[in-house]
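Have a look at the structure below before the remarks.
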Amino acid sequence: MKEAIRKTIGSLRGEQGNGERGCMPPDRRQVVKVIKGLQAVLFPVCFRREDPEMTDEQLLEDTLRLLCREVCAAMRFRSGRTEDPEQEAQRICDALLERLPKIRELLLKDVEALYEGDPAADSREEVMICYPGFYAISIYRLAHELQLLGTPLIPRIMTEFAHEKTGIDIHPGATVGEYFFIDHGTGIVVGETTTIGNHVKLYQGVTLGARSFELDENGNPVKKIKRHPDIGNHVVIYANATILGGDTVIGDGCVIGGNTWLTHSVPAGTTVAYSSSEDRK
């Protein structure tokens with residue numbers, strides 16, 4: 001039995017050893033610790049730390065040290081090189097540290113949008129503690145900054161953790177403006193090249209996705225092209241609406257009704273509503 005297990009493990013690992021590229025990827029469990037540490041630093045009343053005796057300074061220092069280590073692992077895994085990329089990882093962590101006040105300011109605006117937009121919200125603290133929309137947005141805002149700083153893998157691990165916990169899938173590459181409102185949230189998908197303006201409201205089941213994939217001469221999907229729609233300011237998109245395509249633009253002040261399927265642009269101030277043939281009879 002032991003010999004059979006050894007041969008099987010050897011076959012599974014092949015000649016690569018640790019990981020497909022010779023280096024282990026970042027540890028997802030440690031990335032989740034980073035998320036929780038940063039949330040607790042930004043909003044200590046609503047996101048409790050594991051060690052209540054730890055000061056804010058200690059928590060932030062430990063969290064950034066852990067992040068730096070996982071960014072190093074992500075860089076090694078991406079490149080396949082074993083040299084230590086500590087300097088670049090430290091640059092990213094230092095830059096994130098400087099951006100934390102800006103991230104908190106954006107998140108407070110998101111809290112305000114959720115509180116003002118939902119009559120069921122009794123307080124802003126309730127929004128931060130209870131609402132899956134805010135939980136997902138708080139992780140997205142952190143992941144997006146890391147994405148902008150050139151961090152490999154870590155941003156996707158972060159937003160996929162939020163996806164797992166809330167059912168809300170926001171790619172860290174998406175660009176989202178101020179006062180972002182997500183109500184209920186389950187089933188929302190926001191693709192990588194989506195842009196969303198200020199004061200936008202999304203309800204459950206909304207998809208901002210790609211219409212089709214452009215293929216290269218070998219039949220493989222072309223990467224890093226505009227595939228997802230642009231949503232203007234003060235737009236409301238109701239439940240289960242689907243908006244697709246990199247050339248699709250939803251103008252400012254539009255209202256997109258539930259169950260609507262859109263693959264074309266909509267001028268500013270337009271209301272779009274789905275109606276079946278039965279409805280029209």
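Lettering and numbering for the structure tokens are positional, with chains as A, B, ... in the shown order, residues counted from 1 in each chain, and ligands counted from 1 in the shown order.
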Q) If we count only C-alpha atoms, what is near segment 159-174 of chain A at a cut-off of 7 Å, once residues fewer than 2 positions away on the same chain are taken out, given as a VMD selection string? A) chain A and resid 132 136 139 to 140 143 to 144 147 155 to 157 176 185 to 195
For this session: DSSP on the backbone, then: every residue of segment 82-154 of chain A marked alpha helix (DSSP H), written as a PyMOL selection string.
Result: chain A and resi 86-117+124-130+132-148+154
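The environment of Gln30 of chain A within 12 Å, counting only C-alpha atoms and disregarding residues fewer than 6 places along the same chain, consists of Lys36, Gly37, Asp62, Thr63, Leu64, Arg65, Leu66, Leu67, Cys68, Arg69, Glu70, Val71, Ala73, Ile154, Ile157, Met158 and Phe161 of chain A.
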Please dump the current selection as a PDB file, in the first residue's frame; keep C-alpha atoms.
```pdb
ATOM      1  CA  LYS A  36     -10.291  40.018   8.380  1.00  0.00           C
ATOM      2  CA  GLY A  37      -7.363  41.963   9.804  1.00  0.00           C
ATOM      3  CA  ASP A  62       0.933  41.981  11.707  1.00  0.00           C
ATOM      4  CA  THR A  63      -1.637  42.046   8.899  1.00  0.00           C
ATOM      5  CA  LEU A  64       0.663  43.882   6.503  1.00  0.00           C
ATOM      6  CA  ARG A  65       3.551  41.571   7.366  1.00  0.00           C
ATOM      7  CA  LEU A  66       1.327  38.586   6.550  1.00  0.00           C
ATOM      8  CA  LEU A  67       0.143  40.216   3.342  1.00  0.00           C
ATOM      9  CA  CYS A  68       3.718  40.916   2.283  1.00  0.00           C
ATOM     10  CA  ARG A  69       4.621  37.266   2.746  1.00  0.00           C
ATOM     11  CA  GLU A  70       1.652  36.075   0.679  1.00  0.00           C
ATOM     12  CA  VAL A  71       2.350  38.622  -2.075  1.00  0.00           C
ATOM     13  CA  ALA A  73       4.477  33.739  -2.649  1.00  0.00           C
ATOM     14  CA  ILE A 154      -4.207  37.723  -4.117  1.00  0.00           C
ATOM     15  CA  ILE A 157      -8.486  34.989  -3.840  1.00  0.00           C
ATOM     16  CA  MET A 158     -10.011  37.853  -1.860  1.00  0.00           C
ATOM     17  CA  PHE A 161     -13.773  34.446  -0.723  1.00  0.00           C
TER      18      PHE A 161
END
```
- Write out as a PyMOL selection string the residues lying within 6 Å of segment 228-244 of chain A, counting only C-alpha atoms and excluding same-chain residues fewer than 5 positions away. chain A and resi 193-211+249-263
**Q.** Given only C-alpha atoms as the counted atoms, nearest of A:Asp27, A:Glu112, A:Glu98, A:Glu50 to Ala74 of chain A
**A.**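 Among the listed residues, the smallest separation from Ala74 of chain A belongs to A:Asp27.
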Can you tell me, as an MDAnalysis selection string, what residues are no more than 7 Å from Ala113 of chain A when counting only C-alpha atoms, ignoring any on the same chain fewer than 3 positions away? chainID A and resid 109:110 116:117 179:181
- Residue set, segment 28-218 of chain A restricted to strand (DSSP E or B), as a list in words: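 Secondary structure check on segment 28-218 of chain A, strand (DSSP E or B): Asp169, Ile170, Thr175, Val176, Phe181, Ile182, Asp183, Val189, Val190, Thr195, Ile196, Lys201, Leu202, Tyr203, Thr207, Leu208, Gly209 and Leu215 of chain A.
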(Q) Please list as a ChimeraX atom specification every residue within 12 Å of Arg48 of chain A, counting only C-alpha atoms and excluding residues in the same chain fewer than 3 positions away. (A) /A:36-45,51-54,56,59,128-129
Any chance you can output those residues with C-alpha atoms as a compact mmCIF listing (two decimals), in the first residue's frame?
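Writing the result to out.txt gives the following:
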```txt
# COMPACT_ATOMS: atom_id res chain seq x y z
CA LYS A 36 -10.29 40.02 8.38
CA GLY A 37 -7.36 41.96 9.80
CA LEU A 38 -7.84 44.86 7.38
CA GLN A 39 -11.61 44.92 7.97
CA ALA A 40 -11.00 45.08 11.73
CA VAL A 41 -8.55 47.94 11.29
CA LEU A 42 -10.94 49.91 9.08
CA PHE A 43 -14.09 49.28 11.16
CA PRO A 44 -13.10 47.92 14.60
CA VAL A 45 -16.62 48.16 16.06
CA ASP A 51 -7.16 38.98 19.82
CA PRO A 52 -9.12 41.79 21.55
CA GLU A 53 -6.00 42.79 23.50
CA MET A 54 -4.09 43.67 20.33
CA ASP A 56 -4.72 48.83 16.17
CA LEU A 59 -2.97 44.42 14.23
CA MET A 128 -21.79 47.13 8.29
CA ILE A 129 -22.47 44.20 10.61
```
Ser138 of chain A proximity check over A:Lys223, A:Asp84, A:Leu107, A:Glu217, using only C-alpha atoms: winner is A:Leu107
Please measure the separation of atom CA of Ser212 of chain A and atom CA of Arg227 of chain A, giving the value in Å to one decimal.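 Result for atom CA of Ser212 of chain A versus atom CA of Arg227 of chain A: 7.9 Å, one decimal.
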Students should find that atom CA of Glu57 of chain A and atom CA of Leu97 of chain A are spaced 11.8 Å
From the list A:Phe47, A:Phe213, A:Phe77, A:Tyr131, the nearest residue to Gly245 of chain A using only C-alpha atoms is A:Phe213
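Using only C-alpha atoms, the nearest neighbour of Cys46 of chain A within the list A:Val127, A:Ala95, A:Met24, A:Met75 is A:Val127.
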Shortest contact to Glu88 of chain A, candidates A:Leu142, A:Leu149, A:Ile225, A:Leu60, atoms counted only C-alpha atoms, goes to A:Leu149
